[in-house]
>>> print(open('target.cif').read())   # mmCIF, C-alpha atoms and all ligand atoms
data_run
loop_
_atom_site.label_atom_id
_atom_site.label_comp_id
_atom_site.auth_asym_id
_atom_site.auth_seq_id
_atom_site.Cartn_x
_atom_site.Cartn_y
_atom_site.Cartn_z
CA MET I 6 151.19 11.35 92.16
CA GLN I 7 148.41 10.18 89.80
CA HIS I 8 148.84 7.66 86.97
CA ASP I 9 146.70 5.96 84.37
CA ALA I 10 147.87 2.61 85.75
CA ILE I 11 149.75 1.17 88.68
CA VAL I 12 151.30 -2.27 88.30
CA VAL I 13 152.06 -4.05 91.57
CA GLY I 14 154.92 -6.50 90.87
CA GLY I 15 157.64 -5.80 88.31
CA SER I 16 158.75 -9.18 87.01
CA PHE I 17 157.77 -11.21 83.92
CA ALA I 18 154.06 -10.39 84.10
CA GLY I 19 154.20 -6.85 85.50
CA LEU I 20 156.93 -5.53 83.19
CA SER I 21 155.25 -7.08 80.12
CA ALA I 22 152.02 -5.31 81.06
CA ALA I 23 153.73 -2.00 81.79
CA ILE I 24 155.65 -1.77 78.51
CA HIS I 25 152.42 -2.11 76.51
CA ILE I 26 150.80 0.64 78.57
CA ALA I 27 153.88 2.86 78.17
CA ARG I 28 154.03 2.27 74.41
CA ALA I 29 150.41 3.43 74.25
CA ARG I 30 151.68 6.72 75.78
CA ARG I 31 149.78 6.19 79.01
CA SER I 32 151.41 6.87 82.36
CA VAL I 33 152.28 3.79 84.38
CA CYS I 34 153.99 3.23 87.70
CA VAL I 35 155.48 -0.16 88.56
CA ILE I 36 156.04 -1.00 92.23
CA ASP I 37 158.33 -3.97 92.80
CA ALA I 38 159.79 -5.61 95.88
CA GLY I 39 162.49 -7.44 93.85
CA ARG I 40 161.78 -11.05 94.88
CA PRO I 41 160.66 -12.96 91.74
CA ARG I 42 159.66 -16.59 92.28
CA ASN I 43 162.56 -18.07 90.29
CA ARG I 44 165.29 -16.02 92.01
CA PHE I 45 166.64 -19.27 93.53
CA ALA I 46 167.63 -20.65 90.10
CA ALA I 47 170.92 -19.66 88.45
CA ALA I 48 169.41 -20.05 84.95
CA SER I 49 165.94 -19.73 83.45
CA HIS I 50 165.01 -22.06 80.61
CA GLY I 51 162.55 -22.04 77.72
CA PHE I 52 161.84 -18.29 77.52
CA PHE I 53 161.90 -17.06 73.91
CA GLY I 54 165.40 -15.82 73.04
CA GLN I 55 166.62 -16.04 76.66
CA ASP I 56 167.17 -19.76 77.25
CA GLY I 57 169.74 -20.34 80.00
CA ASN I 58 169.99 -16.69 81.06
CA GLN I 59 169.92 -15.58 84.70
CA PRO I 60 166.39 -14.75 85.88
CA LEU I 61 167.40 -11.57 87.73
CA ALA I 62 169.41 -10.35 84.70
CA MET I 63 166.42 -10.96 82.40
CA ILE I 64 164.15 -8.94 84.70
CA ALA I 65 166.74 -6.17 85.12
CA GLY I 66 167.10 -5.92 81.32
CA ALA I 67 163.34 -5.68 80.83
CA GLY I 68 163.14 -3.04 83.58
CA SER I 69 165.80 -0.90 81.99
CA GLN I 70 164.07 -1.08 78.57
CA LEU I 71 160.81 -0.06 80.23
CA ARG I 72 162.39 2.95 81.95
CA SER I 73 163.43 4.39 78.57
CA TYR I 74 159.77 5.36 77.98
CA PRO I 75 158.92 8.85 79.27
CA SER I 76 155.59 7.98 80.91
CA VAL I 77 157.07 5.31 83.20
CA ARG I 78 157.94 5.49 86.87
CA THR I 79 159.38 2.54 88.78
CA VAL I 80 159.37 2.31 92.56
CA MET I 81 161.51 -0.27 94.36
CA GLY I 82 159.52 -1.21 97.43
CA GLU I 83 156.60 -3.15 98.78
CA ALA I 84 152.99 -2.14 98.19
CA THR I 85 151.54 -2.52 101.68
CA GLY I 86 147.86 -1.96 100.94
CA ALA I 87 145.33 -0.57 98.48
CA ARG I 88 141.82 0.85 98.47
CA ALA I 89 139.30 2.28 96.02
CA ILE I 90 138.50 5.98 96.39
CA ASP I 91 136.19 8.09 94.18
CA GLY I 92 136.48 5.80 91.16
CA ARG I 93 140.26 5.57 91.42
CA PHE I 94 142.67 3.32 93.30
CA ALA I 95 145.20 4.31 95.95
CA VAL I 96 148.21 2.10 96.62
CA MET I 97 150.33 2.59 99.74
CA VAL I 98 154.09 1.89 99.50
CA ASP I 99 156.34 0.91 102.41
CA ASP I 100 158.32 4.18 102.12
CA GLY I 101 155.15 6.04 103.18
CA GLU I 102 154.15 7.31 99.71
CA THR I 103 150.59 6.82 98.43
CA LEU I 104 150.17 6.53 94.65
CA THR I 105 146.87 6.76 92.79
CA ALA I 106 145.73 5.53 89.38
CA ALA I 107 142.61 4.97 87.30
CA LYS I 108 143.40 1.24 86.91
CA LEU I 109 145.48 -1.44 88.58
CA ILE I 110 147.33 -4.55 87.51
CA LEU I 111 148.12 -7.08 90.23
CA ALA I 112 151.23 -9.03 89.19
CA PHE I 113 152.77 -9.74 92.57
CA GLY I 114 153.17 -13.49 92.09
CA ILE I 115 153.10 -16.38 94.52
CA SER I 116 155.53 -18.08 96.90
CA ASP I 117 156.34 -21.76 97.30
CA LEU I 118 155.76 -23.40 100.68
CA LEU I 119 158.44 -26.09 100.80
CA PRO I 120 158.18 -29.16 103.05
CA ASP I 121 160.20 -28.66 106.21
CA LEU I 122 162.98 -31.18 105.52
CA PRO I 123 166.68 -30.70 106.37
CA GLY I 124 168.67 -29.98 103.20
CA MET I 125 165.66 -28.91 101.10
CA ALA I 126 165.49 -25.08 101.17
CA GLU I 127 169.14 -24.51 100.17
CA ARG I 128 168.74 -26.84 97.14
CA TRP I 129 165.50 -25.25 95.86
CA GLY I 130 165.92 -24.22 92.22
CA LYS I 131 169.24 -26.09 91.98
CA SER I 132 168.80 -29.84 92.59
CA VAL I 133 165.29 -29.66 94.13
CA LEU I 134 162.91 -28.57 91.40
CA HIS I 135 159.24 -28.18 90.53
CA CYS I 136 159.12 -28.22 86.73
CA PRO I 137 160.84 -30.59 84.26
CA TYR I 138 160.22 -28.20 81.34
CA CYS I 139 162.24 -25.54 83.21
CA HIS I 140 164.98 -27.74 84.68
CA GLY I 141 164.53 -31.31 83.40
CA PHE I 142 166.95 -31.39 80.46
CA GLU I 143 169.90 -30.59 82.74
CA TYR I 144 169.23 -33.81 84.74
CA GLY I 145 168.27 -35.97 81.75
CA GLY I 146 169.12 -39.67 82.21
CA GLN I 147 170.14 -39.22 85.85
CA ARG I 148 168.52 -40.71 88.99
CA LEU I 149 165.34 -38.72 89.51
CA GLY I 150 162.97 -38.60 92.47
CA VAL I 151 159.49 -37.17 92.99
CA LEU I 152 158.50 -36.32 96.55
CA GLN I 153 154.80 -36.87 97.20
CA THR I 154 153.23 -33.66 98.52
CA MET I 155 149.70 -34.05 97.14
CA PRO I 156 147.72 -36.56 95.01
CA ILE I 157 148.96 -34.87 91.81
CA SER I 158 152.50 -36.12 92.69
CA SER I 159 151.76 -39.50 90.99
CA HIS I 160 150.95 -37.60 87.81
CA GLN I 161 154.21 -35.65 88.20
CA ALA I 162 156.15 -38.95 88.55
CA LEU I 163 154.56 -40.31 85.35
CA LEU I 164 155.72 -37.19 83.54
CA ILE I 165 159.23 -36.98 85.05
CA ALA I 166 159.91 -40.56 83.88
CA ASP I 167 160.32 -39.09 80.38
CA TRP I 168 163.54 -37.44 81.60
CA GLY I 169 165.12 -40.40 83.41
CA PRO I 170 164.65 -43.38 85.76
CA THR I 171 162.23 -42.17 88.42
CA THR I 172 161.29 -43.10 91.97
CA LEU I 173 158.12 -41.77 93.63
CA TYR I 174 158.89 -41.13 97.33
CA LEU I 175 155.59 -41.44 99.19
CA ASN I 176 157.24 -40.03 102.33
CA GLY I 177 154.89 -42.04 104.55
CA ASP I 178 151.81 -40.97 102.57
CA ASP I 179 149.16 -43.33 101.13
CA PHE I 180 149.86 -45.49 98.07
CA PRO I 181 148.16 -44.31 94.87
CA ASP I 182 145.10 -46.31 93.74
CA ALA I 183 145.59 -49.63 91.91
CA GLU I 184 145.05 -48.14 88.44
CA THR I 185 147.64 -45.39 89.06
CA GLN I 186 150.09 -47.97 90.44
CA ARG I 187 149.67 -50.01 87.22
CA THR I 188 150.34 -46.92 85.11
CA LEU I 189 153.40 -46.03 87.22
CA ALA I 190 154.74 -49.57 86.77
CA HIS I 191 154.13 -49.31 83.00
CA ARG I 192 156.29 -46.14 83.03
CA CYS I 193 158.93 -48.03 85.12
CA VAL I 194 158.42 -45.67 88.09
CA THR I 195 159.52 -47.28 91.39
CA ILE I 196 157.44 -46.52 94.50
CA GLU I 197 159.32 -45.98 97.79
CA PRO I 198 156.95 -45.83 100.80
CA ALA I 199 159.43 -44.87 103.58
CA ARG I 200 159.46 -41.45 105.20
CA VAL I 201 162.24 -39.08 104.02
CA LEU I 202 164.30 -37.64 106.88
CA ALA I 203 166.85 -35.47 105.02
CA LEU I 204 168.40 -34.51 101.68
CA GLN I 205 172.15 -34.98 101.42
CA GLY I 206 174.91 -33.97 99.00
CA GLU I 207 177.83 -31.63 98.36
CA GLY I 208 176.88 -27.93 98.40
CA GLU I 209 173.73 -27.29 96.36
CA GLY I 210 173.95 -30.72 94.70
CA LEU I 211 171.95 -33.73 95.78
CA SER I 212 173.37 -37.25 96.05
CA SER I 213 171.01 -39.15 98.36
CA LEU I 214 167.92 -39.15 100.53
CA LEU I 215 168.11 -40.43 104.09
CA LEU I 216 165.04 -42.59 104.84
CA ASP I 217 163.56 -43.33 108.26
CA ASP I 218 164.60 -47.01 108.09
CA GLY I 219 168.25 -45.88 107.91
CA ARG I 220 168.77 -46.40 104.17
CA ASN I 221 170.58 -43.78 102.09
CA VAL I 222 169.12 -43.96 98.57
CA PRO I 223 170.96 -42.30 95.66
CA VAL I 224 169.18 -39.50 93.77
CA ASP I 225 170.53 -36.65 91.60
CA ALA I 226 167.46 -34.40 91.37
CA LEU I 227 164.24 -34.29 93.40
CA TYR I 228 161.01 -32.85 91.97
CA LEU I 229 158.02 -31.79 94.01
CA ALA I 230 154.84 -29.76 93.69
CA PRO I 231 154.80 -27.31 96.60
CA ARG I 232 151.68 -25.65 97.99
CA THR I 233 151.72 -21.94 97.14
CA ARG I 234 150.49 -18.71 98.72
CA ILE I 235 149.64 -15.37 97.13
CA ASN I 236 152.35 -12.79 97.89
CA SER I 237 150.09 -9.91 98.98
CA PRO I 238 146.66 -9.44 100.60
CA ILE I 239 145.92 -6.51 98.22
CA ALA I 240 143.59 -8.51 95.93
CA GLU I 241 141.40 -9.48 98.88
CA GLN I 242 141.53 -5.94 100.34
CA LEU I 243 140.10 -4.66 97.03
CA GLY I 244 137.38 -7.33 96.92
CA CYS I 245 138.78 -9.40 94.02
CA ALA I 246 137.48 -12.98 94.10
CA LEU I 247 140.01 -15.79 94.52
CA GLU I 248 139.60 -19.34 93.27
CA ASP I 249 141.23 -22.63 94.25
CA GLY I 250 144.03 -23.87 92.01
CA PRO I 251 145.70 -27.29 92.38
CA PHE I 252 148.59 -25.78 94.39
CA GLY I 253 146.84 -22.91 96.21
CA PRO I 254 144.54 -19.94 95.65
CA VAL I 255 144.82 -17.70 92.56
CA ILE I 256 143.02 -14.48 91.60
CA GLN I 257 140.00 -15.15 89.39
CA THR I 258 140.23 -13.42 85.98
CA ASP I 259 138.46 -13.53 82.63
CA ALA I 260 140.07 -13.90 79.18
CA ALA I 261 141.09 -10.19 79.25
CA LYS I 262 142.78 -10.77 82.66
CA LEU I 263 140.14 -8.57 84.31
CA THR I 264 139.40 -9.58 87.92
CA THR I 265 135.92 -9.61 89.39
CA VAL I 266 136.42 -5.90 90.31
CA SER I 267 136.03 -3.35 87.51
CA GLY I 268 139.31 -1.57 86.71
CA ILE I 269 141.54 -4.19 88.36
CA TYR I 270 143.47 -6.70 86.21
CA ALA I 271 145.71 -9.55 87.39
CA ALA I 272 148.47 -11.35 85.50
CA GLY I 273 151.16 -13.97 85.93
CA ASP I 274 151.42 -16.81 88.44
CA VAL I 275 149.00 -15.05 90.79
CA ALA I 276 146.17 -15.38 88.26
CA ARG I 277 146.76 -18.61 86.34
CA VAL I 278 147.67 -22.31 86.39
CA PRO I 279 149.98 -23.74 85.14
CA HIS I 280 152.96 -21.47 85.68
CA ASN I 281 156.04 -20.42 83.78
CA ALA I 282 157.72 -17.17 82.85
CA SER I 283 156.49 -17.21 79.23
CA TRP I 284 152.85 -17.63 80.24
CA ALA I 285 153.29 -14.92 82.90
CA ALA I 286 154.71 -12.52 80.30
CA ALA I 287 151.93 -13.36 77.83
CA ASP I 288 149.28 -12.70 80.47
CA GLY I 289 151.01 -9.41 81.24
CA VAL I 290 150.65 -8.39 77.58
CA THR I 291 146.95 -9.27 77.69
CA ALA I 292 146.39 -7.34 80.92
CA GLY I 293 148.31 -4.26 79.73
CA ILE I 294 146.49 -4.03 76.42
CA SER I 295 143.10 -4.76 78.02
CA LEU I 296 143.71 -2.02 80.57
CA GLN I 297 144.70 0.57 77.95
CA GLN I 298 141.69 -0.31 75.77
CA SER I 299 139.37 0.01 78.76
CA LEU I 300 140.67 3.59 79.21
CA VAL I 301 139.72 4.29 75.57
CA PHE I 302 136.41 2.46 75.27
CA GLU I 303 134.91 2.93 78.72
CA PRO I 304 131.43 4.53 78.55
CA LEU I 305 131.51 8.30 79.17
CA GLU I 306 130.04 9.48 82.47
CA SER I 307 126.69 11.17 81.88
C1 LIG E 1 162.84 -22.45 91.42
C2 LIG E 1 162.05 -22.01 90.21
C3 LIG E 1 162.63 -22.04 88.96
C4 LIG E 1 161.89 -21.66 87.84
N1 LIG E 1 162.47 -21.75 86.62
C5 LIG E 1 161.77 -21.37 85.53
C6 LIG E 1 162.35 -21.48 84.22
O1 LIG E 1 163.48 -21.95 84.07
N2 LIG E 1 161.60 -21.09 83.16
C7 LIG E 1 160.34 -20.59 83.31
O2 LIG E 1 159.71 -20.23 82.29
N3 LIG E 1 159.76 -20.47 84.52
C8 LIG E 1 160.45 -20.84 85.63
N4 LIG E 1 159.87 -20.74 86.86
C9 LIG E 1 158.53 -20.16 87.00
C10 LIG E 1 158.65 -18.62 87.01
O3 LIG E 1 159.51 -18.25 88.07
C11 LIG E 1 157.29 -17.96 87.23
O4 LIG E 1 156.31 -18.52 86.38
C12 LIG E 1 157.42 -16.46 86.96
O5 LIG E 1 158.41 -15.89 87.81
C13 LIG E 1 156.09 -15.76 87.21
O6 LIG E 1 156.23 -14.40 86.92
P1 LIG E 1 155.33 -13.33 87.67
O7 LIG E 1 155.71 -12.02 87.08
O8 LIG E 1 153.91 -13.75 87.66
O9 LIG E 1 155.75 -13.42 89.22
P2 LIG E 1 157.18 -13.26 89.89
O10 LIG E 1 158.26 -13.49 88.91
O11 LIG E 1 157.17 -14.11 91.11
O12 LIG E 1 157.25 -11.72 90.28
C14 LIG E 1 156.40 -11.13 91.22
C15 LIG E 1 157.06 -9.82 91.63
O13 LIG E 1 156.15 -9.09 92.46
C16 LIG E 1 156.87 -8.61 93.59
N5 LIG E 1 155.96 -8.37 94.72
C17 LIG E 1 155.34 -9.28 95.51
N6 LIG E 1 154.56 -8.67 96.42
C18 LIG E 1 154.72 -7.34 96.21
C19 LIG E 1 154.20 -6.19 96.82
N7 LIG E 1 153.33 -6.26 97.85
N8 LIG E 1 154.60 -4.98 96.35
C20 LIG E 1 155.46 -4.87 95.32
N9 LIG E 1 155.98 -5.94 94.69
C21 LIG E 1 155.61 -7.16 95.12
C22 LIG E 1 157.91 -9.70 93.87
O14 LIG E 1 158.94 -9.20 94.70
C23 LIG E 1 158.34 -10.06 92.46
O15 LIG E 1 159.38 -9.22 92.00
C24 LIG E 1 160.57 -21.18 88.00
C25 LIG E 1 159.99 -21.13 89.27
C26 LIG E 1 160.72 -21.56 90.37
C27 LIG E 1 160.08 -21.54 91.73
#
>>> encode(input="target.cif", output="structure tokens", more="lines below")
Ligand SMILES: Cc1cc2nc3c(=O)[nH]c(=O)nc-3n(C[C@H](O)[C@H](O)[C@H](O)COP(=O)(O)OP(=O)(O)OC[C@H]3O[C@@H](n4cnc5c(N)ncnc54)[C@H](O)[C@@H]3O)c2cc1C
Amino acid sequence: MQHDAIVVGGSFAGLSAAIHIARARRSVCVIDAGRPRNRFAAASHGFFGQDGNQPLAMIAGAGSQLRSYPSVRTVMGEATGARAIDGRFAVMVDDGETLTAAKLILAFGISDLLPDLPGMAERWGKSVLHCPYCHGFEYGGQRLGVLQTMPISSHQALLIADWGPTTLYLNGDDFPDAETQRTLAHRCVTIEPARVLALQGEGEGLSSLLLDDGRNVPVDALYLAPRTRINSPIAEQLGCALEDGPFGPVIQTDAAKLTTVSGIYAAGDVARVPHNASWAAADGVTAGISLQQSLVFEPLES
């Protein structure tokens, strides 16, 4: 089946792109594997008009609004590969179908690579968090920790201190430089050098960290900046350039969210830093409108 556009990834970025293409009466197919990055959190915060709502419910609602447009097809599944053929793009889906379109939007997101510590994975998005703007208010004034994963962790600790008394857990890593230590002290951030062995607490809650010298230190929420990986090799298969972000690679795009390959756009976490659902949705709008306008204004073949 041929479309004007295929969107790979149907979450905040992909659905925002697709609805603008559909409203321009162009045909669009969204392929989605159903694993958005924030699926671990019970509530999403800060999104216009949706503060505190469940992430999966927000995405399901947007998907059902999109499907009311006649030129839309949605496919639940994984895009397994893509290639350019005769000026169009073919995308293979894990059910064996191959879809083709004039243009593509890559909105398949990124995944977080959490440190391998007992008690961490099951608390991700609940009491182990990455972003105070998304989940800081709920722990305001409580005992907060920042786990050092990269040099930027000191910066994260300076910021988190706005939400409550903060300890930077170096986890055996190097101390920050003298100037950063002075700034941390000015913000009343405590530095704990010991290695963290495990996270402890009832259910998904956190109450303490077990350190390698045997101490159990109380903490209510732990923030960290995980390394990330791009969810699909499709951008590289199509020749789109990647660039290094502070947490991991992202797809390089211009202000119109066009990648380095003509006809291929990218939006959302996979093509920006920093990350949140509102920025992902906004980038999706840019990519969708840019794509539709490129269909209109592209030079005619001679
Ligand atoms: C724990 C946690 C909590 C968060 N809380 C908040 C919050 O409260 N507020 C906020 O604004 N932001 C929050 N964020 C950030 C937010 O989740 C992301 O910024 C947002 O999800 C990015 O949207 P996206 O559409 O770019 O990617 P995603 O939402 O990650 O969606 C990508 C989609 O593409 C699909 N996909 C991947 N590969 C393929 C493939 N090969 N074929 C087909 N489909 C594919 C995935 O299954 C997924 O459905 C949170 C993040 C985390 C990790």
>>> residues_near_ligand(input="target.cif", ligand="ligand LIG 1 (chain E)", cutoff="7 Å", atoms="all atoms listed in the file", output="PyMOL selection string")
chain I and resi 13-19+36-46+48-52+82-85+112-115+117+129-130+134-135+139-140+236-237+272-275+280-283+285-286
>>> residues_around(input="target.cif", residues="Ala162 of chain I", least_positions_apart="5", cutoff="8 Å", atoms="all atoms listed in the file", output="list in words")
Gly150, Val151, Thr171, Thr172, Leu173, Leu189 and Val194 of chain I
>>> atom_distance(input="target.cif", atom1="atom CA of Leu227 of chain I", atom2="atom CA of Arg277 of chain I")
24.5 Å
>>> residues_near_point(input="target.cif", point="(144.1, -35.3, 90.7)", cutoff="12 Å", atoms="all atoms listed in the file", output="PyMOL selection string")
chain I and resi 155-161+181-182+185+250-252
>>> closest_residue(input="target.cif", among="I:Pro223, I:Ala230, I:Cys245, I:Cys193", to="Leu149 of chain I", atoms="all atoms listed in the file")
I:Pro223
>>> residues_near_point(input="target.cif", point="(165.4, -34.4, 102.0)", cutoff="12 Å", atoms="all atoms listed in the file", output="PyMOL selection string")
chain I and resi 119-129+132-133+150-153+174+176+200-206+210-217+221-229
>>> residues_around(input="target.cif", residues="Glu102 of chain I", least_positions_apart="3", cutoff="12 Å", atoms="only C-alpha atoms", output="list in words")
Met6, Gln7, Ile36, Val80, Met81, Gly82, Glu83, Ala84, Thr85, Gly86, Ala87, Ala95, Val96, Met97, Val98, Asp99 and Thr105 of chain I
>>> closest_residue(input="target.cif", among="I:Ile110, I:Leu118, I:Leu175, I:Val255", to="Gly268 of chain I", atoms="all atoms listed in the file")
I:Ile110
>>> atom_distance(input="target.cif", atom1="atom CA of Glu209 of chain I", atom2="atom CA of Phe142 of chain I")
17.8 Å
>>> decode(input="target.cif", residues="segment 60-85 of chain I", atoms="N, CA and C atoms", output="PDB file, in the first residue's frame")
ATOM      1  N   PRO I  60       0.212   8.372  30.967  1.00  0.00           N
ATOM      2  CA  PRO I  60       0.833   8.494  29.642  1.00  0.00           C
ATOM      3  C   PRO I  60       0.165   7.618  28.580  1.00  0.00           C
ATOM      4  N   LEU I  61      -0.112   6.356  28.910  1.00  0.00           N
ATOM      5  CA  LEU I  61      -0.672   5.459  27.884  1.00  0.00           C
ATOM      6  C   LEU I  61      -2.087   5.891  27.493  1.00  0.00           C
ATOM      7  N   ALA I  62      -2.843   6.457  28.467  1.00  0.00           N
ATOM      8  CA  ALA I  62      -4.194   6.949  28.148  1.00  0.00           C
ATOM      9  C   ALA I  62      -4.119   8.188  27.253  1.00  0.00           C
ATOM     10  N   MET I  63      -3.138   9.054  27.505  1.00  0.00           N
ATOM     11  CA  MET I  63      -2.974  10.251  26.663  1.00  0.00           C
ATOM     12  C   MET I  63      -2.684   9.838  25.219  1.00  0.00           C
ATOM     13  N   ILE I  64      -1.788   8.863  25.069  1.00  0.00           N
ATOM     14  CA  ILE I  64      -1.404   8.421  23.713  1.00  0.00           C
ATOM     15  C   ILE I  64      -2.582   7.714  23.038  1.00  0.00           C
ATOM     16  N   ALA I  65      -3.301   6.887  23.813  1.00  0.00           N
ATOM     17  CA  ALA I  65      -4.461   6.183  23.237  1.00  0.00           C
ATOM     18  C   ALA I  65      -5.513   7.190  22.771  1.00  0.00           C
ATOM     19  N   GLY I  66      -5.737   8.244  23.567  1.00  0.00           N
ATOM     20  CA  GLY I  66      -6.724   9.268  23.189  1.00  0.00           C
ATOM     21  C   GLY I  66      -6.314   9.984  21.911  1.00  0.00           C
ATOM     22  N   ALA I  67      -5.034  10.324  21.805  1.00  0.00           N
ATOM     23  CA  ALA I  67      -4.549  10.997  20.595  1.00  0.00           C
ATOM     24  C   ALA I  67      -4.657  10.072  19.387  1.00  0.00           C
ATOM     25  N   GLY I  68      -4.394   8.788  19.602  1.00  0.00           N
ATOM     26  CA  GLY I  68      -4.490   7.811  18.501  1.00  0.00           C
ATOM     27  C   GLY I  68      -5.912   7.679  18.022  1.00  0.00           C
ATOM     28  N   SER I  69      -6.857   7.670  18.941  1.00  0.00           N
ATOM     29  CA  SER I  69      -8.248   7.503  18.506  1.00  0.00           C
ATOM     30  C   SER I  69      -8.751   8.763  17.796  1.00  0.00           C
ATOM     31  N   GLN I  70      -8.303   9.950  18.213  1.00  0.00           N
ATOM     32  CA  GLN I  70      -8.671  11.172  17.464  1.00  0.00           C
ATOM     33  C   GLN I  70      -8.071  11.132  16.059  1.00  0.00           C
ATOM     34  N   LEU I  71      -6.845  10.659  15.964  1.00  0.00           N
ATOM     35  CA  LEU I  71      -6.189  10.594  14.641  1.00  0.00           C
ATOM     36  C   LEU I  71      -6.949   9.662  13.696  1.00  0.00           C
ATOM     37  N   ARG I  72      -7.393   8.517  14.228  1.00  0.00           N
ATOM     38  CA  ARG I  72      -8.053   7.521  13.373  1.00  0.00           C
ATOM     39  C   ARG I  72      -9.404   7.987  12.855  1.00  0.00           C
ATOM     40  N   SER I  73      -9.938   9.101  13.371  1.00  0.00           N
ATOM     41  CA  SER I  73     -11.217   9.593  12.842  1.00  0.00           C
ATOM     42  C   SER I  73     -11.028  10.283  11.488  1.00  0.00           C
ATOM     43  N   TYR I  74      -9.805  10.528  11.071  1.00  0.00           N
ATOM     44  CA  TYR I  74      -9.553  11.134   9.749  1.00  0.00           C
ATOM     45  C   TYR I  74      -9.484  10.028   8.697  1.00  0.00           C
ATOM     46  N   PRO I  75     -10.114  10.265   7.522  1.00  0.00           N
ATOM     47  CA  PRO I  75     -10.245   9.179   6.551  1.00  0.00           C
ATOM     48  C   PRO I  75      -8.939   8.752   5.879  1.00  0.00           C
ATOM     49  N   SER I  76      -7.934   9.608   5.878  1.00  0.00           N
ATOM     50  CA  SER I  76      -6.708   9.258   5.137  1.00  0.00           C
ATOM     51  C   SER I  76      -5.641   8.632   6.030  1.00  0.00           C
ATOM     52  N   VAL I  77      -6.083   8.139   7.203  1.00  0.00           N
ATOM     53  CA  VAL I  77      -5.118   7.609   8.183  1.00  0.00           C
ATOM     54  C   VAL I  77      -5.205   6.094   8.260  1.00  0.00           C
ATOM     55  N   ARG I  78      -4.048   5.463   8.329  1.00  0.00           N
ATOM     56  CA  ARG I  78      -3.994   4.046   8.688  1.00  0.00           C
ATOM     57  C   ARG I  78      -3.023   3.908   9.859  1.00  0.00           C
ATOM     58  N   THR I  79      -3.369   3.099  10.840  1.00  0.00           N
ATOM     59  CA  THR I  79      -2.413   2.831  11.919  1.00  0.00           C
ATOM     60  C   THR I  79      -2.115   1.331  11.941  1.00  0.00           C
ATOM     61  N   VAL I  80      -0.857   1.025  12.150  1.00  0.00           N
ATOM     62  CA  VAL I  80      -0.411  -0.372  12.188  1.00  0.00           C
ATOM     63  C   VAL I  80       0.269  -0.592  13.529  1.00  0.00           C
ATOM     64  N   MET I  81      -0.240  -1.531  14.320  1.00  0.00           N
ATOM     65  CA  MET I  81       0.435  -1.875  15.576  1.00  0.00           C
ATOM     66  C   MET I  81       1.487  -2.920  15.255  1.00  0.00           C
ATOM     67  N   GLY I  82       2.735  -2.562  15.405  1.00  0.00           N
ATOM     68  CA  GLY I  82       3.816  -3.496  15.102  1.00  0.00           C
ATOM     69  C   GLY I  82       5.127  -2.762  15.059  1.00  0.00           C
ATOM     70  N   GLU I  83       6.162  -3.510  14.772  1.00  0.00           N
ATOM     71  CA  GLU I  83       7.523  -2.949  14.770  1.00  0.00           C
ATOM     72  C   GLU I  83       7.996  -2.795  13.329  1.00  0.00           C
ATOM     73  N   ALA I  84       8.459  -1.612  12.971  1.00  0.00           N
ATOM     74  CA  ALA I  84       9.120  -1.437  11.671  1.00  0.00           C
ATOM     75  C   ALA I  84      10.505  -2.052  11.801  1.00  0.00           C
ATOM     76  N   THR I  85      10.780  -3.047  10.950  1.00  0.00           N
ATOM     77  CA  THR I  85      12.035  -3.806  11.124  1.00  0.00           C
ATOM     78  C   THR I  85      13.153  -3.303  10.225  1.00  0.00           C
TER      79      THR I  85
END
